[in-house]
file input_6.cif (mmCIF, N, CA and C atoms)
data_final
loop_
_atom_site.label_atom_id
_atom_site.label_comp_id
_atom_site.auth_asym_id
_atom_site.auth_seq_id
_atom_site.Cartn_x
_atom_site.Cartn_y
_atom_site.Cartn_z
N MET A 1 7.80 13.31 10.50
CA MET A 1 8.09 12.69 9.22
C MET A 1 7.37 11.34 9.14
N LEU A 2 6.79 11.09 8.00
CA LEU A 2 6.05 9.86 7.76
C LEU A 2 7.01 8.78 7.28
N THR A 3 6.93 7.63 7.92
CA THR A 3 7.75 6.50 7.52
C THR A 3 6.84 5.37 7.06
N ILE A 4 7.10 4.89 5.86
CA ILE A 4 6.33 3.76 5.33
C ILE A 4 7.24 2.55 5.33
N ARG A 5 6.79 1.50 5.98
CA ARG A 5 7.59 0.28 6.08
C ARG A 5 7.39 -0.58 4.83
N GLN A 6 8.35 -1.49 4.61
CA GLN A 6 8.28 -2.40 3.47
C GLN A 6 7.00 -3.22 3.49
N ALA A 7 6.58 -3.69 4.66
CA ALA A 7 5.36 -4.49 4.77
C ALA A 7 4.14 -3.68 4.33
N GLN A 8 4.12 -2.40 4.66
CA GLN A 8 3.01 -1.53 4.24
C GLN A 8 3.01 -1.34 2.73
N ILE A 9 4.19 -1.19 2.16
CA ILE A 9 4.30 -1.03 0.70
C ILE A 9 3.81 -2.30 0.01
N ARG A 10 4.18 -3.46 0.55
CA ARG A 10 3.76 -4.73 -0.02
C ARG A 10 2.24 -4.86 0.03
N ILE A 11 1.63 -4.49 1.14
CA ILE A 11 0.18 -4.57 1.29
C ILE A 11 -0.51 -3.63 0.30
N LEU A 12 0.01 -2.43 0.16
CA LEU A 12 -0.57 -1.48 -0.81
C LEU A 12 -0.43 -2.00 -2.24
N ALA A 13 0.72 -2.58 -2.55
CA ALA A 13 0.93 -3.12 -3.90
C ALA A 13 -0.02 -4.28 -4.17
N GLU A 14 -0.20 -5.16 -3.19
CA GLU A 14 -1.11 -6.30 -3.36
C GLU A 14 -2.55 -5.82 -3.52
N GLU A 15 -2.93 -4.81 -2.77
CA GLU A 15 -4.30 -4.27 -2.90
C GLU A 15 -4.49 -3.64 -4.28
N GLY A 16 -3.49 -2.94 -4.77
CA GLY A 16 -3.57 -2.36 -6.11
C GLY A 16 -3.69 -3.45 -7.17
N LEU A 17 -2.91 -4.52 -7.02
CA LEU A 17 -2.99 -5.64 -7.96
C LEU A 17 -4.36 -6.30 -7.88
N ARG A 18 -4.87 -6.49 -6.68
CA ARG A 18 -6.18 -7.12 -6.50
C ARG A 18 -7.27 -6.30 -7.20
N ARG A 19 -7.21 -5.00 -7.06
CA ARG A 19 -8.19 -4.12 -7.72
C ARG A 19 -8.05 -4.19 -9.25
N TRP A 20 -6.82 -4.21 -9.73
CA TRP A 20 -6.57 -4.32 -11.16
C TRP A 20 -7.13 -5.63 -11.70
N LEU A 21 -6.90 -6.74 -10.97
CA LEU A 21 -7.42 -8.04 -11.37
C LEU A 21 -8.95 -8.06 -11.36
N TYR A 22 -9.54 -7.47 -10.34
CA TYR A 22 -11.00 -7.38 -10.26
C TYR A 22 -11.55 -6.62 -11.47
N ASP A 23 -10.94 -5.49 -11.77
CA ASP A 23 -11.39 -4.69 -12.93
C ASP A 23 -11.24 -5.48 -14.23
N TYR A 24 -10.13 -6.19 -14.38
CA TYR A 24 -9.90 -7.00 -15.58
C TYR A 24 -10.99 -8.06 -15.73
N LEU A 25 -11.22 -8.81 -14.67
CA LEU A 25 -12.23 -9.88 -14.73
C LEU A 25 -13.63 -9.30 -14.92
N ASN A 26 -13.90 -8.17 -14.30
CA ASN A 26 -15.21 -7.55 -14.43
C ASN A 26 -15.45 -7.04 -15.86
N ARG A 27 -14.41 -6.55 -16.51
CA ARG A 27 -14.54 -6.12 -17.92
C ARG A 27 -14.79 -7.31 -18.83
N CYS A 28 -14.10 -8.42 -18.57
CA CYS A 28 -14.19 -9.59 -19.44
C CYS A 28 -15.42 -10.46 -19.14
N TYR A 29 -15.80 -10.55 -17.87
CA TYR A 29 -16.86 -11.47 -17.45
C TYR A 29 -17.80 -10.78 -16.45
N PRO A 30 -18.47 -9.71 -16.87
CA PRO A 30 -19.25 -8.93 -15.91
C PRO A 30 -20.35 -9.71 -15.20
N SER A 31 -21.05 -10.58 -15.90
CA SER A 31 -22.15 -11.29 -15.23
C SER A 31 -21.63 -12.29 -14.21
N GLN A 32 -20.52 -12.97 -14.51
CA GLN A 32 -19.96 -13.93 -13.57
C GLN A 32 -19.42 -13.21 -12.33
N VAL A 33 -18.77 -12.07 -12.54
CA VAL A 33 -18.24 -11.30 -11.41
C VAL A 33 -19.40 -10.79 -10.55
N GLN A 34 -20.44 -10.32 -11.18
CA GLN A 34 -21.61 -9.82 -10.44
C GLN A 34 -22.23 -10.94 -9.63
N ARG A 35 -22.36 -12.13 -10.21
CA ARG A 35 -22.93 -13.28 -9.49
C ARG A 35 -22.09 -13.64 -8.27
N SER A 36 -20.78 -13.51 -8.39
CA SER A 36 -19.88 -13.84 -7.28
C SER A 36 -19.98 -12.83 -6.15
N GLY A 37 -20.30 -11.59 -6.49
CA GLY A 37 -20.39 -10.54 -5.48
C GLY A 37 -19.02 -10.01 -5.10
N VAL A 38 -19.02 -8.86 -4.50
CA VAL A 38 -17.75 -8.21 -4.13
C VAL A 38 -16.97 -9.05 -3.12
N GLU A 39 -17.64 -9.53 -2.09
CA GLU A 39 -16.94 -10.31 -1.07
C GLU A 39 -16.46 -11.65 -1.63
N GLY A 40 -17.28 -12.30 -2.44
CA GLY A 40 -16.86 -13.55 -3.07
C GLY A 40 -15.65 -13.36 -3.96
N MET A 41 -15.64 -12.28 -4.71
CA MET A 41 -14.50 -11.99 -5.58
C MET A 41 -13.26 -11.65 -4.76
N ARG A 42 -13.44 -10.93 -3.68
CA ARG A 42 -12.30 -10.58 -2.83
C ARG A 42 -11.64 -11.86 -2.30
N LEU A 43 -12.45 -12.79 -1.82
CA LEU A 43 -11.91 -14.05 -1.29
C LEU A 43 -11.28 -14.89 -2.39
N LEU A 44 -11.93 -14.95 -3.55
CA LEU A 44 -11.39 -15.72 -4.67
C LEU A 44 -10.05 -15.15 -5.12
N LEU A 45 -10.00 -13.83 -5.27
CA LEU A 45 -8.74 -13.20 -5.71
C LEU A 45 -7.64 -13.39 -4.68
N LYS A 46 -7.97 -13.27 -3.41
CA LYS A 46 -6.97 -13.49 -2.36
C LYS A 46 -6.41 -14.91 -2.45
N ASP A 47 -7.29 -15.89 -2.61
CA ASP A 47 -6.88 -17.29 -2.71
C ASP A 47 -6.01 -17.53 -3.95
N LEU A 48 -6.49 -17.07 -5.10
CA LEU A 48 -5.75 -17.31 -6.34
C LEU A 48 -4.43 -16.56 -6.38
N MET A 49 -4.41 -15.35 -5.86
CA MET A 49 -3.14 -14.60 -5.81
C MET A 49 -2.13 -15.33 -4.93
N SER A 50 -2.59 -15.85 -3.81
CA SER A 50 -1.71 -16.59 -2.91
C SER A 50 -1.13 -17.82 -3.60
N LYS A 51 -1.97 -18.54 -4.34
CA LYS A 51 -1.51 -19.71 -5.07
C LYS A 51 -0.53 -19.32 -6.17
N ALA A 52 -0.80 -18.22 -6.84
CA ALA A 52 0.11 -17.73 -7.89
C ALA A 52 1.48 -17.41 -7.30
N TYR A 53 1.50 -16.74 -6.15
CA TYR A 53 2.77 -16.40 -5.50
C TYR A 53 3.52 -17.68 -5.11
N ARG A 54 2.79 -18.68 -4.58
CA ARG A 54 3.44 -19.93 -4.20
C ARG A 54 4.03 -20.64 -5.41
N ARG A 55 3.44 -20.44 -6.57
CA ARG A 55 3.95 -21.04 -7.81
C ARG A 55 5.10 -20.23 -8.40
N GLY A 56 5.47 -19.14 -7.75
CA GLY A 56 6.62 -18.36 -8.20
C GLY A 56 6.29 -17.21 -9.13
N PHE A 57 5.01 -16.93 -9.33
CA PHE A 57 4.63 -15.81 -10.17
C PHE A 57 4.71 -14.53 -9.37
N ARG A 58 5.47 -13.56 -9.86
CA ARG A 58 5.64 -12.28 -9.17
C ARG A 58 5.20 -11.10 -10.04
N ALA A 59 5.47 -11.18 -11.33
CA ALA A 59 5.09 -10.09 -12.24
C ALA A 59 3.57 -10.03 -12.33
N ALA A 60 3.04 -8.82 -12.38
CA ALA A 60 1.59 -8.63 -12.40
C ALA A 60 0.93 -9.41 -13.54
N GLU A 61 1.53 -9.41 -14.72
CA GLU A 61 0.93 -10.11 -15.86
C GLU A 61 0.92 -11.62 -15.63
N ASP A 62 1.95 -12.16 -15.00
CA ASP A 62 1.97 -13.60 -14.72
C ASP A 62 0.91 -13.96 -13.69
N VAL A 63 0.76 -13.14 -12.67
CA VAL A 63 -0.28 -13.36 -11.66
C VAL A 63 -1.65 -13.26 -12.33
N ARG A 64 -1.81 -12.29 -13.23
CA ARG A 64 -3.09 -12.13 -13.93
C ARG A 64 -3.43 -13.39 -14.72
N ARG A 65 -2.46 -13.95 -15.41
CA ARG A 65 -2.70 -15.15 -16.21
C ARG A 65 -3.15 -16.31 -15.31
N TYR A 66 -2.46 -16.50 -14.18
CA TYR A 66 -2.81 -17.58 -13.26
C TYR A 66 -4.22 -17.35 -12.70
N VAL A 67 -4.50 -16.13 -12.27
CA VAL A 67 -5.81 -15.81 -11.71
C VAL A 67 -6.90 -15.98 -12.77
N HIS A 68 -6.62 -15.58 -13.99
CA HIS A 68 -7.57 -15.73 -15.09
C HIS A 68 -7.96 -17.21 -15.25
N VAL A 69 -6.96 -18.09 -15.29
CA VAL A 69 -7.23 -19.52 -15.42
C VAL A 69 -8.03 -20.02 -14.22
N GLY A 70 -7.64 -19.61 -13.02
CA GLY A 70 -8.37 -20.02 -11.82
C GLY A 70 -9.79 -19.53 -11.80
N PHE A 71 -10.02 -18.34 -12.33
CA PHE A 71 -11.37 -17.80 -12.40
C PHE A 71 -12.22 -18.62 -13.38
N LEU A 72 -11.63 -18.97 -14.54
CA LEU A 72 -12.36 -19.71 -15.56
C LEU A 72 -12.62 -21.17 -15.18
N LEU A 73 -11.62 -21.81 -14.57
CA LEU A 73 -11.72 -23.25 -14.29
C LEU A 73 -12.04 -23.58 -12.84
N GLY A 74 -12.01 -22.58 -11.98
CA GLY A 74 -12.24 -22.81 -10.56
C GLY A 74 -10.93 -22.81 -9.81
N PRO A 75 -10.96 -22.38 -8.56
CA PRO A 75 -9.71 -22.21 -7.80
C PRO A 75 -8.94 -23.50 -7.55
N GLU A 76 -9.58 -24.65 -7.70
CA GLU A 76 -8.88 -25.93 -7.50
C GLU A 76 -8.50 -26.58 -8.83
N PHE A 77 -8.31 -25.74 -9.86
CA PHE A 77 -8.04 -26.29 -11.19
C PHE A 77 -6.78 -27.14 -11.24
N GLU A 78 -5.79 -26.83 -10.43
CA GLU A 78 -4.55 -27.61 -10.46
C GLU A 78 -4.80 -29.06 -10.05
N ALA A 79 -5.68 -29.27 -9.10
CA ALA A 79 -5.99 -30.62 -8.63
C ALA A 79 -6.84 -31.39 -9.64
N ARG A 80 -7.66 -30.67 -10.40
CA ARG A 80 -8.60 -31.33 -11.32
C ARG A 80 -8.06 -31.49 -12.74
N GLN A 81 -7.17 -30.62 -13.16
CA GLN A 81 -6.71 -30.63 -14.56
C GLN A 81 -5.25 -31.08 -14.62
N VAL A 82 -5.05 -32.30 -15.07
CA VAL A 82 -3.69 -32.86 -15.15
C VAL A 82 -2.82 -31.99 -16.05
N TRP A 83 -3.36 -31.54 -17.18
CA TRP A 83 -2.58 -30.74 -18.12
C TRP A 83 -2.08 -29.44 -17.46
N ALA A 84 -2.87 -28.86 -16.56
CA ALA A 84 -2.44 -27.63 -15.88
C ALA A 84 -1.28 -27.92 -14.93
N ARG A 85 -1.39 -29.00 -14.19
CA ARG A 85 -0.31 -29.38 -13.28
C ARG A 85 0.96 -29.68 -14.04
N GLU A 86 0.81 -30.35 -15.19
CA GLU A 86 2.00 -30.68 -16.00
C GLU A 86 2.70 -29.41 -16.47
N ILE A 87 1.93 -28.42 -16.89
CA ILE A 87 2.53 -27.15 -17.32
C ILE A 87 3.22 -26.47 -16.15
N LEU A 88 2.53 -26.39 -15.02
CA LEU A 88 3.07 -25.68 -13.86
C LEU A 88 4.30 -26.37 -13.28
N ASP A 89 4.39 -27.69 -13.45
CA ASP A 89 5.52 -28.45 -12.90
C ASP A 89 6.60 -28.77 -13.94
N ASP A 90 6.43 -28.31 -15.18
CA ASP A 90 7.35 -28.63 -16.26
C ASP A 90 8.72 -27.98 -16.01
N PRO A 91 9.76 -28.78 -15.83
CA PRO A 91 11.10 -28.20 -15.58
C PRO A 91 11.64 -27.44 -16.79
N GLU A 92 11.12 -27.73 -17.97
CA GLU A 92 11.55 -27.01 -19.18
C GLU A 92 11.03 -25.57 -19.17
N LEU A 93 9.96 -25.31 -18.44
CA LEU A 93 9.36 -23.97 -18.37
C LEU A 93 9.77 -23.30 -17.06
N GLU A 94 11.05 -23.11 -16.87
CA GLU A 94 11.51 -22.53 -15.61
C GLU A 94 11.23 -21.03 -15.51
N ASP A 95 11.07 -20.36 -16.64
CA ASP A 95 10.76 -18.93 -16.62
C ASP A 95 9.28 -18.75 -16.26
N PRO A 96 8.97 -18.03 -15.19
CA PRO A 96 7.58 -17.87 -14.77
C PRO A 96 6.68 -17.25 -15.86
N GLY A 97 7.23 -16.34 -16.64
CA GLY A 97 6.44 -15.71 -17.69
C GLY A 97 5.98 -16.71 -18.75
N TRP A 98 6.90 -17.59 -19.15
CA TRP A 98 6.54 -18.61 -20.15
C TRP A 98 5.55 -19.61 -19.57
N ARG A 99 5.77 -19.97 -18.30
CA ARG A 99 4.86 -20.92 -17.65
C ARG A 99 3.45 -20.35 -17.57
N ALA A 100 3.33 -19.09 -17.15
CA ALA A 100 2.02 -18.45 -17.03
C ALA A 100 1.35 -18.32 -18.40
N LYS A 101 2.12 -17.93 -19.40
CA LYS A 101 1.57 -17.80 -20.76
C LYS A 101 1.11 -19.15 -21.29
N SER A 102 1.93 -20.19 -21.09
CA SER A 102 1.56 -21.53 -21.54
C SER A 102 0.31 -22.03 -20.84
N LEU A 103 0.21 -21.75 -19.55
CA LEU A 103 -0.97 -22.15 -18.78
C LEU A 103 -2.23 -21.49 -19.32
N GLU A 104 -2.18 -20.18 -19.54
CA GLU A 104 -3.36 -19.46 -20.02
C GLU A 104 -3.74 -19.93 -21.42
N GLU A 105 -2.77 -20.10 -22.30
CA GLU A 105 -3.06 -20.56 -23.67
C GLU A 105 -3.69 -21.96 -23.65
N ALA A 106 -3.17 -22.85 -22.81
CA ALA A 106 -3.73 -24.20 -22.72
C ALA A 106 -5.15 -24.17 -22.16
N ALA A 107 -5.41 -23.28 -21.23
CA ALA A 107 -6.76 -23.16 -20.66
C ALA A 107 -7.75 -22.68 -21.72
N VAL A 108 -7.34 -21.72 -22.51
CA VAL A 108 -8.22 -21.22 -23.58
C VAL A 108 -8.50 -22.34 -24.58
N GLU A 109 -7.46 -23.11 -24.94
CA GLU A 109 -7.65 -24.22 -25.87
C GLU A 109 -8.54 -25.30 -25.26
N PHE A 110 -8.40 -25.54 -23.96
CA PHE A 110 -9.24 -26.52 -23.27
C PHE A 110 -10.70 -26.08 -23.28
N LEU A 111 -10.94 -24.80 -23.05
CA LEU A 111 -12.30 -24.29 -22.98
C LEU A 111 -12.91 -24.05 -24.36
N CYS A 112 -12.08 -23.73 -25.34
CA CYS A 112 -12.55 -23.42 -26.70
C CYS A 112 -11.73 -24.22 -27.71
N PRO A 113 -11.93 -25.54 -27.75
CA PRO A 113 -11.12 -26.33 -28.69
C PRO A 113 -11.43 -25.95 -30.13
N PRO A 114 -10.44 -26.10 -31.00
CA PRO A 114 -10.69 -25.78 -32.41
C PRO A 114 -11.73 -26.74 -32.98
N PRO A 115 -12.51 -26.27 -33.94
CA PRO A 115 -13.52 -27.15 -34.54
C PRO A 115 -12.85 -28.31 -35.27
N PRO A 116 -13.54 -29.44 -35.35
CA PRO A 116 -12.95 -30.58 -36.07
C PRO A 116 -12.83 -30.28 -37.56
N GLU A 117 -11.87 -30.91 -38.16
CA GLU A 117 -11.68 -30.77 -39.61
C GLU A 117 -12.89 -31.35 -40.31
N PRO A 118 -13.37 -30.69 -41.36
CA PRO A 118 -14.51 -31.25 -42.10
C PRO A 118 -14.09 -32.52 -42.83
N ALA A 119 -15.00 -33.48 -42.83
CA ALA A 119 -14.74 -34.73 -43.53
C ALA A 119 -15.20 -34.60 -44.97
N PHE A 120 -14.31 -34.86 -45.89
CA PHE A 120 -14.64 -34.80 -47.30
C PHE A 120 -14.73 -36.23 -47.85
N GLU A 121 -15.76 -36.45 -48.60
CA GLU A 121 -15.91 -37.77 -49.22
C GLU A 121 -15.41 -37.70 -50.66
N ASP A 122 -14.79 -38.76 -51.10
CA ASP A 122 -14.29 -38.82 -52.48
C ASP A 122 -15.39 -39.24 -53.41
#
call {"tool": "encode", "arguments": {"input": "input_6.cif", "output": "structure tokens"}}
result
Amino acid sequence: MLTIRQAQIRILAEEGLRRWLYDYLNRCYPSQVQRSGVEGMRLLLKDLMSKAYRRGFRAAEDVRRYVHVGFLLGPEFEARQVWAREILDDPELEDPGWRAKSLEEAAVEFLCPPPPEPAFED
């Protein structure tokens, strides 16, 4: 009889998530993923997933949001972007899902700010 231990199940689940994240990023940013290479992406995903878990993200979508931001801004984005740290440390955002969503939305706004309002002269 085959026995699968909890640690083996966890490893398989993490590998499945890593592949799903790789596919997601490759669909959205194929040239950047190609430039990073398979090994570079494997290391980046491992690092970002570990950081996401340390931040309390467990749901696949929450981990995806954190990894997405880390991919766009670089794996050390928390140290460089005060606004990201503020969101991640905000006691009002105790729900991991809201925190991850707020982080991703703020990153998109940071990278793609809305155009300035046109100035009208009287």
call {"tool": "residues_around", "arguments": {"input": "input_6.cif", "residues": "range 18-25 of chain A", "least_positions_apart": "2", "cutoff": "8 Å", "atoms": "all atoms listed in the file", "output": "count of residues only"}}
result
21
call {"tool": "axis_aligned_box", "arguments": {"input": "input_6.cif", "around": "range 80-93 of chain A", "padding_each_side": "6 Å", "output": "AutoDock Vina command-line options"}}
result
--center_x 1.5 --center_y -28.1 --center_z -14.8 --size_x 32.2 --size_y 21.6 --size_z 20.8
call {"tool": "closest_residue", "arguments": {"input": "input_6.cif", "among": "A:Arg85, A:Arg5, A:Arg80, A:Arg65", "to": "Glu105 in chain A", "atoms": "all atoms listed in the file"}}
result
A:Arg65
call {"tool": "atom_distance", "arguments": {"input": "input_6.cif", "atom1": "atom C of Ala59 in chain A", "atom2": "CA of Leu17 in chain A"}}
result
9.0 Å
call {"tool": "closest_residue", "arguments": {"input": "input_6.cif", "among": "A:Tyr66, A:Phe110, A:Trp98, A:Phe120", "to": "Ala52 in chain A", "atoms": "only C-alpha atoms"}}
result
A:Tyr66
call {"tool": "build_atoms", "arguments": {"input": "input_6.cif", "residues": "range 57-70 of chain A", "atoms": "N, CA, C and O atoms", "output": "PDB file, in the coordinates of the input"}}
result
ATOM      1  N   PHE A  57       5.010 -16.930  -9.330  1.00  0.00           N
ATOM      2  CA  PHE A  57       4.630 -15.810 -10.170  1.00  0.00           C
ATOM      3  C   PHE A  57       4.710 -14.530  -9.370  1.00  0.00           C
ATOM      4  O   PHE A  57       4.082 -14.402  -8.317  1.00  0.00           O
ATOM      5  N   ARG A  58       5.470 -13.560  -9.860  1.00  0.00           N
ATOM      6  CA  ARG A  58       5.640 -12.280  -9.170  1.00  0.00           C
ATOM      7  C   ARG A  58       5.200 -11.100 -10.040  1.00  0.00           C
ATOM      8  O   ARG A  58       4.649 -10.140  -9.532  1.00  0.00           O
ATOM      9  N   ALA A  59       5.470 -11.180 -11.330  1.00  0.00           N
ATOM     10  CA  ALA A  59       5.090 -10.090 -12.240  1.00  0.00           C
ATOM     11  C   ALA A  59       3.570 -10.030 -12.330  1.00  0.00           C
ATOM     12  O   ALA A  59       2.891 -11.066 -12.346  1.00  0.00           O
ATOM     13  N   ALA A  60       3.040  -8.820 -12.380  1.00  0.00           N
ATOM     14  CA  ALA A  60       1.590  -8.630 -12.400  1.00  0.00           C
ATOM     15  C   ALA A  60       0.930  -9.410 -13.540  1.00  0.00           C
ATOM     16  O   ALA A  60      -0.120 -10.034 -13.351  1.00  0.00           O
ATOM     17  N   GLU A  61       1.530  -9.410 -14.720  1.00  0.00           N
ATOM     18  CA  GLU A  61       0.930 -10.110 -15.860  1.00  0.00           C
ATOM     19  C   GLU A  61       0.920 -11.620 -15.630  1.00  0.00           C
ATOM     20  O   GLU A  61      -0.038 -12.300 -16.015  1.00  0.00           O
ATOM     21  N   ASP A  62       1.950 -12.160 -15.000  1.00  0.00           N
ATOM     22  CA  ASP A  62       1.970 -13.600 -14.720  1.00  0.00           C
ATOM     23  C   ASP A  62       0.910 -13.960 -13.690  1.00  0.00           C
ATOM     24  O   ASP A  62       0.220 -14.981 -13.827  1.00  0.00           O
ATOM     25  N   VAL A  63       0.760 -13.140 -12.670  1.00  0.00           N
ATOM     26  CA  VAL A  63      -0.280 -13.360 -11.660  1.00  0.00           C
ATOM     27  C   VAL A  63      -1.650 -13.260 -12.330  1.00  0.00           C
ATOM     28  O   VAL A  63      -2.546 -14.068 -12.073  1.00  0.00           O
ATOM     29  N   ARG A  64      -1.810 -12.290 -13.230  1.00  0.00           N
ATOM     30  CA  ARG A  64      -3.090 -12.130 -13.930  1.00  0.00           C
ATOM     31  C   ARG A  64      -3.430 -13.390 -14.720  1.00  0.00           C
ATOM     32  O   ARG A  64      -4.562 -13.859 -14.697  1.00  0.00           O
ATOM     33  N   ARG A  65      -2.460 -13.950 -15.410  1.00  0.00           N
ATOM     34  CA  ARG A  65      -2.700 -15.150 -16.210  1.00  0.00           C
ATOM     35  C   ARG A  65      -3.150 -16.310 -15.310  1.00  0.00           C
ATOM     36  O   ARG A  65      -4.095 -17.028 -15.620  1.00  0.00           O
ATOM     37  N   TYR A  66      -2.460 -16.500 -14.180  1.00  0.00           N
ATOM     38  CA  TYR A  66      -2.810 -17.580 -13.260  1.00  0.00           C
ATOM     39  C   TYR A  66      -4.220 -17.350 -12.700  1.00  0.00           C
ATOM     40  O   TYR A  66      -5.041 -18.275 -12.665  1.00  0.00           O
ATOM     41  N   VAL A  67      -4.500 -16.130 -12.270  1.00  0.00           N
ATOM     42  CA  VAL A  67      -5.810 -15.810 -11.710  1.00  0.00           C
ATOM     43  C   VAL A  67      -6.900 -15.980 -12.770  1.00  0.00           C
ATOM     44  O   VAL A  67      -7.982 -16.494 -12.477  1.00  0.00           O
ATOM     45  N   HIS A  68      -6.620 -15.580 -13.990  1.00  0.00           N
ATOM     46  CA  HIS A  68      -7.570 -15.730 -15.090  1.00  0.00           C
ATOM     47  C   HIS A  68      -7.960 -17.210 -15.250  1.00  0.00           C
ATOM     48  O   HIS A  68      -9.146 -17.551 -15.341  1.00  0.00           O
ATOM     49  N   VAL A  69      -6.960 -18.090 -15.290  1.00  0.00           N
ATOM     50  CA  VAL A  69      -7.230 -19.520 -15.420  1.00  0.00           C
ATOM     51  C   VAL A  69      -8.030 -20.020 -14.220  1.00  0.00           C
ATOM     52  O   VAL A  69      -9.002 -20.756 -14.365  1.00  0.00           O
ATOM     53  N   GLY A  70      -7.640 -19.610 -13.020  1.00  0.00           N
ATOM     54  CA  GLY A  70      -8.370 -20.020 -11.820  1.00  0.00           C
ATOM     55  C   GLY A  70      -9.790 -19.530 -11.800  1.00  0.00           C
ATOM     56  O   GLY A  70     -10.701 -20.216 -11.319  1.00  0.00           O
TER      57      GLY A  70
END
